[in-house]
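Novice: Let me give you the structure first, and then I'll get to my questions.
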Amino acid sequence: MNIRGIIFDMDGTLIETEEQWDIVRRQLAADAGIEWPEGATQDMMGMSTPEWAEYLVTSVGLPMSADEAAERTIAAMADHHRDGVELLPGAIESVRRMAEHYPVAIASSSPRRLIDAGVEAMGIGDLLGATVSTEEVAAGKPEPDGYLRAAELLEVDPTACVAVEDSTNGILSALNAGMAVVCVPPSFHPPADEVLARTTVLDSLDELTVELITGL
């Protein structure tokens with residue numbers, strides 16, 4: 001492939017927040033006396049803000065509006081970000097390596113204010129050509145909209161992009177956009193083997209090198 005752009009997911013790929021999202025959402029359910037439904041955690045990974053907020057109301061059963069569910073969840077996550085983000089191994093270094101050779105973007109399911117807070121906390125804003133929240137496009141992951149928008153903003157054909165992901169829905173989103181995918185599977189709900197088989201699997205972002213990208 002003639003790679004011309006690199007697009008990173010954020011949560012679970014650059015910063016360790018996927019488990020925190022789950023903790024916050026489960027606490028909302030517990031506060032309402034609701035047992036957490038089986039599969040709900042996996043279902044919401046990669047959904048846009050309107051999608052997971054609606055899911056919390058209609059599928060989990062939170063006794064509030066989707067807007068309130070979203071606001072309470074995001075406010076709790078913003079508090080968490082203010083306390084400092086936990087970087088995943090090699091996160092900033094890998095973005096810097098890629099940015100030396102390719103235009104780089106972030107396509108995340110987080111709302112805009114959390115993306116901006118995460119980018120600021122990591123100090124990588126000057127390395128990014130674009131950031132996209134799936135709340136700004138028609139549909140969240142696993143639909144391709146977020147990745148397609150990021151490629152558009154980079155002015156790069158999506159089929160000439162590599163996506164760096166961690167979750168099942170994120171991988172499928174990038175594949176649906178026609179991109180090659182590099183995945184660092186998390187310990188928290190890793191993708192199934194059949195999904196990982198469609199990606200290049202790394203143990204950490206330290207292995208994300210220009211040599212690896214040019215060999216895809």
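Ligands are numbered from 1 in the order shown, residues from 1 within each chain, and chains are lettered A, B, ... in the order they appear in the structure tokens.
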Residues of region 67-106 of chain A that approach region 133-143 of chain A to 12 Å or less, counting only C-alpha atoms: could you list each one with the shortest pair of atoms and its distance in Å to one decimal, rows by chain and increasing residue number, as JSON lines?

Specialist:
```
{"residue": "A:Ala70", "atom": "CA", "partner": "A:Glu135", "partner_atom": "CA", "distance": 11.5}
{"residue": "A:Ala105", "atom": "CA", "partner": "A:Ser133", "partner_atom": "CA", "distance": 11.1}
{"residue": "A:Ile106", "atom": "CA", "partner": "A:Ser133", "partner_atom": "CA", "distance": 8.4}
```

Novice: Output all heavy atoms of each residue in that selection to a file, as a PDB file, in the first residue's frame.

Specialist:
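Result written to out.pdb:
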```pdb
ATOM      1  N   ALA A  70     -26.102  11.515  28.936  1.00  0.00           N
ATOM      2  CA  ALA A  70     -24.864  11.957  28.296  1.00  0.00           C
ATOM      3  C   ALA A  70     -24.138  12.971  29.162  1.00  0.00           C
ATOM      4  O   ALA A  70     -22.926  12.857  29.388  1.00  0.00           O
ATOM      5  CB  ALA A  70     -25.163  12.543  26.923  1.00  0.00           C
ATOM      6  N   ALA A 105      -4.172  12.244  12.205  1.00  0.00           N
ATOM      7  CA  ALA A 105      -5.437  12.717  12.767  1.00  0.00           C
ATOM      8  C   ALA A 105      -5.879  11.800  13.888  1.00  0.00           C
ATOM      9  O   ALA A 105      -5.332  10.703  14.077  1.00  0.00           O
ATOM     10  CB  ALA A 105      -6.514  12.784  11.686  1.00  0.00           C
ATOM     11  N   ILE A 106      -6.880  12.247  14.620  1.00  0.00           N
ATOM     12  CA  ILE A 106      -7.570  11.417  15.614  1.00  0.00           C
ATOM     13  C   ILE A 106      -9.030  11.320  15.204  1.00  0.00           C
ATOM     14  O   ILE A 106      -9.658  12.329  14.861  1.00  0.00           O
ATOM     15  CB  ILE A 106      -7.447  12.012  17.026  1.00  0.00           C
ATOM     16  CG1 ILE A 106      -6.049  11.745  17.603  1.00  0.00           C
ATOM     17  CG2 ILE A 106      -8.526  11.456  17.961  1.00  0.00           C
ATOM     18  CD1 ILE A 106      -5.811  12.364  18.968  1.00  0.00           C
TER      19      ILE A 106
END
```

Novice: I want to know what sits within 9 Å of Pro89 (chain A), based on only C-alpha atoms, with residues of the same chain fewer than 4 positions away left out; could you give that as a PyMOL selection string?

Specialist: chain A and resi 14-15+93+204-206

Novice: Store the residues picked out above, limited to C-alpha atoms, as an mmCIF file, in the first residue's frame.

Specialist:
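As a result, result.cif now contains:
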```cif
data_model
loop_
_atom_site.group_PDB
_atom_site.id
_atom_site.type_symbol
_atom_site.label_atom_id
_atom_site.label_comp_id
_atom_site.auth_asym_id
_atom_site.auth_seq_id
_atom_site.Cartn_x
_atom_site.Cartn_y
_atom_site.Cartn_z
ATOM 1 C CA LEU A 14 -3.542 6.484 23.223
ATOM 2 C CA ILE A 15 -5.014 6.952 26.695
ATOM 3 C CA GLU A 93 6.178 8.690 20.870
ATOM 4 C CA SER A 204 2.270 -1.986 22.063
ATOM 5 C CA LEU A 205 2.522 1.289 20.196
ATOM 6 C CA ASP A 206 6.287 1.067 20.581
#
```

Novice: If we count only C-alpha atoms and set the cut-off at 8 Å, which residues sit around Val57 (chain A), ignoring sequence neighbours fewer than 5 positions away in its own chain? Please answer as a list in words.

Specialist: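 Non-adjacent residues within range: Leu62, Pro63, Met64, Ser65, Ala66 and Ala69 of chain A.
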
Novice: If we count only C-alpha atoms, what is near Asp22 (chain A) at a cut-off of 9 Å, once residues fewer than 5 positions away on the same chain are taken out, given as a PyMOL selection string?

Specialist: chain A and resi 17+27+41

Novice: For the residues selected in the previous step, produce a file with all heavy atoms as a compact mmCIF listing (two decimals), in the first residue's frame.

Specialist:
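What ended up in again-v7.txt:
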```txt
# COMPACT_ATOMS: atom_id res chain seq x y z
N THR A 17 -8.73 4.87 29.01
CA THR A 17 -9.98 5.40 29.55
C THR A 17 -11.17 4.47 29.36
O THR A 17 -12.23 4.71 29.92
CB THR A 17 -10.34 6.74 28.87
OG1 THR A 17 -10.32 6.55 27.45
CG2 THR A 17 -9.37 7.83 29.25
N GLN A 27 -21.94 2.98 37.32
CA GLN A 27 -22.34 3.67 38.54
C GLN A 27 -23.68 4.37 38.37
O GLN A 27 -24.50 4.39 39.30
CB GLN A 27 -21.27 4.69 38.94
CG GLN A 27 -21.50 5.31 40.31
CD GLN A 27 -21.53 4.28 41.42
OE1 GLN A 27 -20.61 3.48 41.55
NE2 GLN A 27 -22.60 4.27 42.21
N THR A 41 -21.50 -3.34 27.97
CA THR A 41 -20.19 -2.70 27.87
C THR A 41 -19.63 -2.79 26.46
O THR A 41 -19.22 -1.78 25.86
CB THR A 41 -19.21 -3.35 28.86
OG1 THR A 41 -19.68 -3.12 30.20
CG2 THR A 41 -17.81 -2.77 28.72
```

Novice: Counting only C-alpha atoms, which of A:Glu18, A:Glu120, A:Glu207, A:Asp43 gets nearest to Leu56 (chain A)?

Specialist: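 Between A:Glu18, A:Glu120, A:Glu207, A:Asp43, the residue approaching Leu56 (chain A) most closely is A:Asp43.
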
Novice: Looking at only C-alpha atoms, which of A:Met179, A:Val201, A:Ala75, A:Leu88 is the one that sits closest to Ala150 (chain A)?

Specialist: A:Met179

Novice: Any chance you could list, as a PyMOL selection string, the residues in region 89-186 of chain A that come up helix (DSSP H, G or I) when DSSP is run on the backbone?

Specialist: chain A and resi 91-99+112-122+125-127+134-136+145-154+158-160+168-176

Novice: Find the spatial neighbours of Ile7 (chain A), counting only C-alpha atoms, within a cut-off of 12 Å - ignore same-chain residues fewer than 3 positions away - and output them as a ChimeraX atom specification.

Specialist: /A:3-4,10,13-14,94-95,98-99,102-108,127-132,146-154,156,158-165,170-171,173-174,177,179-183

Novice: Using DSSP on the backbone coordinates, identify the residues of region 29-211 of chain A assigned to strand (DSSP E or B); present them as a PyMOL selection string.

Specialist: chain A and resi 87+104-108+130-133+161-165+180-183+200-201

Novice: State, in Å with one decimal place, the distance from CA of Arg113 (chain A) to CA of Gly125 (chain A).

Specialist: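 Interatomic distance here is 13.8 Å.
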
Novice: Check the smallest atom-to-atom distance from each of A:Leu114, A:Ile92, A:Val195, A:Leu28 to Ser167 (chain A) using only C-alpha atoms, then report the winner.

Specialist: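 Ranked by minimum distance to Ser167 (chain A), first place goes to A:Val195.
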
Novice: Rank nothing, just name the residue among A:Ser187, A:Ser109, A:Thr199, A:Thr209 nearest to Glu19 (chain A), using only C-alpha atoms.

Specialist: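 Smallest distance to Glu19 (chain A) is found for A:Ser187.
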
Novice: Kindly give the distance, in Å, that separates CA of Val119 (chain A) and CA of Met1 (chain A), rounded to a single decimal.

Specialist: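 Computed distance, CA of Val119 (chain A) to CA of Met1 (chain A), equals 28.7 Å.
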